[in-house]
Amino acid sequence: MPEEDLVDVKFRLYDGSDIGPFRYSATSTVDMLKQRIVSDWPKGKTIVPKAVNEVKLISSGKILENDKTVGQCKVPFGDAAGGVIIMHVVVQPSLAKTKTEKKVDDSPRKIVCSCSIL
């Protein structure tokens with residue numbers, strides 16, 4: 001594969017730490033990058049993606065779509081020789097899971113009012 005078809009990508013996590021950089025073909029999809037992120041997620045982090053659909057990648061202020069290629073995500077200044085594209089990683093747990101994990105307090109509440117009438 002010609003050198004110009006390879007792109008260096010680093011993934012910036014919520015706490016400022018990085019995964020990578022890794023070298024990808026310009027034809028690699030965003031979905032492939034997300035799979036790599038989930039499989040290489042650092043141990044000991046408080047937030048951990050359980051599946052690819054919980055990961056969002058942001059590059060140049062835009063949320064990247066799964067079917068886009070790395071080549072399509074490059075911005076003109078990312079073409080500089082030796083440049084590494086930094087993509088920000090956002091973990092967003094699936095909505096169904098967060099609803100089931102929330103505790104609901106159904107206990108009756110006592111309303112206390114300390115009103116004084118003059």
# chains A, B, ... in the order shown; residues from 1 in each chain; ligands from 1
$ select_by_dssp --residues "segment 31-63 of chain A" --states "helix (DSSP H, G or I)" --output "PyMOL selection string"
chain A and resi 31-39+52-54
$ write_last_selection --atoms "all heavy atoms" --output "compact mmCIF listing (two decimals), in the first residue's frame"
# COMPACT_ATOMS: atom_id res chain seq x y z
N ASP A 31 -16.53 3.08 11.48
CA ASP A 31 -16.96 1.92 12.26
C ASP A 31 -15.76 1.04 12.63
O ASP A 31 -15.67 0.55 13.76
CB ASP A 31 -18.00 1.10 11.48
CG ASP A 31 -18.58 -0.01 12.32
OD1 ASP A 31 -19.21 0.29 13.36
OD2 ASP A 31 -18.39 -1.19 11.96
N MET A 32 -14.81 0.86 11.72
CA MET A 32 -13.61 0.07 12.01
C MET A 32 -12.77 0.74 13.10
O MET A 32 -12.22 0.06 13.98
CB MET A 32 -12.78 -0.11 10.73
CG MET A 32 -13.47 -0.94 9.67
SD MET A 32 -12.68 -0.80 8.05
CE MET A 32 -11.32 -1.92 8.25
N LEU A 33 -12.69 2.07 13.07
CA LEU A 33 -11.96 2.80 14.09
C LEU A 33 -12.61 2.61 15.46
O LEU A 33 -11.95 2.39 16.47
CB LEU A 33 -11.89 4.29 13.75
CG LEU A 33 -10.77 4.76 12.85
CD1 LEU A 33 -10.79 4.09 11.49
CD2 LEU A 33 -10.80 6.26 12.70
N LYS A 34 -13.94 2.67 15.49
CA LYS A 34 -14.67 2.49 16.75
C LYS A 34 -14.45 1.09 17.32
O LYS A 34 -14.32 0.92 18.54
CB LYS A 34 -16.17 2.74 16.53
CG LYS A 34 -16.51 4.19 16.28
CD LYS A 34 -18.01 4.34 16.08
CE LYS A 34 -18.43 5.76 15.88
NZ LYS A 34 -19.89 5.89 15.76
N GLN A 35 -14.41 0.09 16.45
CA GLN A 35 -14.15 -1.27 16.92
C GLN A 35 -12.78 -1.35 17.58
O GLN A 35 -12.61 -2.00 18.62
CB GLN A 35 -14.25 -2.26 15.76
CG GLN A 35 -15.65 -2.45 15.25
CD GLN A 35 -15.71 -3.32 14.00
OE1 GLN A 35 -14.80 -4.10 13.73
NE2 GLN A 35 -16.78 -3.19 13.24
N ARG A 36 -11.80 -0.68 17.00
CA ARG A 36 -10.45 -0.66 17.56
C ARG A 36 -10.44 0.04 18.93
O ARG A 36 -9.78 -0.40 19.86
CB ARG A 36 -9.50 0.05 16.59
CG ARG A 36 -8.07 0.22 17.07
CD ARG A 36 -7.31 -1.10 16.95
NE ARG A 36 -5.95 -1.03 17.36
CZ ARG A 36 -4.90 -0.94 16.55
NH1 ARG A 36 -5.07 -0.86 15.25
NH2 ARG A 36 -3.69 -0.93 17.03
N ILE A 37 -11.18 1.12 19.03
CA ILE A 37 -11.26 1.87 20.30
C ILE A 37 -11.83 0.99 21.40
O ILE A 37 -11.29 0.92 22.50
CB ILE A 37 -12.10 3.15 20.12
CG1 ILE A 37 -11.35 4.14 19.24
CG2 ILE A 37 -12.44 3.78 21.47
CD1 ILE A 37 -12.20 5.31 18.77
N VAL A 38 -12.94 0.32 21.11
CA VAL A 38 -13.57 -0.55 22.12
C VAL A 38 -12.63 -1.67 22.52
O VAL A 38 -12.48 -1.97 23.71
CB VAL A 38 -14.92 -1.10 21.60
CG1 VAL A 38 -15.48 -2.15 22.54
CG2 VAL A 38 -15.93 0.04 21.42
N SER A 39 -11.94 -2.28 21.58
CA SER A 39 -11.05 -3.40 21.90
C SER A 39 -9.78 -2.96 22.63
O SER A 39 -9.23 -3.71 23.43
CB SER A 39 -10.70 -4.20 20.66
OG SER A 39 -9.90 -3.44 19.79
N VAL A 52 -19.71 -0.85 20.23
CA VAL A 52 -19.32 0.17 19.25
C VAL A 52 -20.36 1.28 19.16
O VAL A 52 -20.02 2.45 19.01
CB VAL A 52 -19.10 -0.48 17.86
CG1 VAL A 52 -18.88 0.55 16.79
CG2 VAL A 52 -17.91 -1.44 17.92
N ASN A 53 -21.65 0.95 19.31
CA ASN A 53 -22.69 1.97 19.17
C ASN A 53 -22.72 2.95 20.34
O ASN A 53 -23.44 3.94 20.30
CB ASN A 53 -24.06 1.33 18.97
CG ASN A 53 -24.51 0.51 20.17
OD1 ASN A 53 -23.71 0.19 21.04
ND2 ASN A 53 -25.78 0.17 20.21
N GLU A 54 -21.92 2.72 21.38
CA GLU A 54 -21.82 3.66 22.49
C GLU A 54 -20.70 4.69 22.27
O GLU A 54 -20.53 5.59 23.08
CB GLU A 54 -21.56 2.92 23.79
CG GLU A 54 -22.70 2.05 24.24
CD GLU A 54 -22.43 1.35 25.56
OE1 GLU A 54 -21.32 1.43 26.10
OE2 GLU A 54 -23.38 0.72 26.05
$ closest_residue --among "A:Gly71, A:Pro93, A:Val48, A:Pro42" --to "Asp18 of chain A" --atoms "only C-alpha atoms"
A:Pro42
$ closest_residue --among "A:Glu65, A:Lys45, A:Val90, A:Asp40" --to "Arg12 of chain A" --atoms "only C-alpha atoms"
A:Val90
$ residues_around --residues "segment 82-86 of chain A" --least-positions-apart "3" --cutoff "6 Å" --atoms "only C-alpha atoms" --output "short mmCIF file (atom, residue, chain, number, x, y, z; two decimals) with N, CA, C and O atoms, in the first residue's frame"
data_model
loop_
_atom_site.label_atom_id
_atom_site.label_comp_id
_atom_site.auth_asym_id
_atom_site.auth_seq_id
_atom_site.Cartn_x
_atom_site.Cartn_y
_atom_site.Cartn_z
N ASP A 8 -2.31 8.55 9.95
CA ASP A 8 -2.08 8.35 11.38
C ASP A 8 -3.20 9.02 12.16
O ASP A 8 -3.49 10.20 11.96
N VAL A 9 -3.82 8.24 13.06
CA VAL A 9 -4.95 8.74 13.86
C VAL A 9 -4.68 8.44 15.32
O VAL A 9 -4.28 7.33 15.69
N LYS A 10 -4.93 9.45 16.16
CA LYS A 10 -4.83 9.31 17.61
C LYS A 10 -6.22 9.62 18.18
O LYS A 10 -6.90 10.53 17.71
N PHE A 11 -6.63 8.87 19.20
CA PHE A 11 -7.95 9.04 19.79
C PHE A 11 -7.80 9.68 21.17
O PHE A 11 -7.16 9.11 22.06
#
$ atom_distance --atom1 "atom CA of Ile19 of chain A" --atom2 "atom CA of Val55 of chain A"
13.7 Å
$ atom_distance --atom1 "atom CA of Thr46 of chain A" --atom2 "atom CA of Tyr24 of chain A"
27.7 Å
$ residues_around --residues "Ile47 of chain A" --least-positions-apart "3" --cutoff "9 Å" --atoms "only C-alpha atoms" --output "count of residues only"
3
$ closest_residue --among "A:Asp67, A:Cys73, A:Ala51, A:Trp41" --to "Leu13 of chain A" --atoms "only C-alpha atoms"
A:Trp41
$ atom_distance --atom1 "atom CA of Lys68 of chain A" --atom2 "atom CA of Ser17 of chain A"
24.9 Å
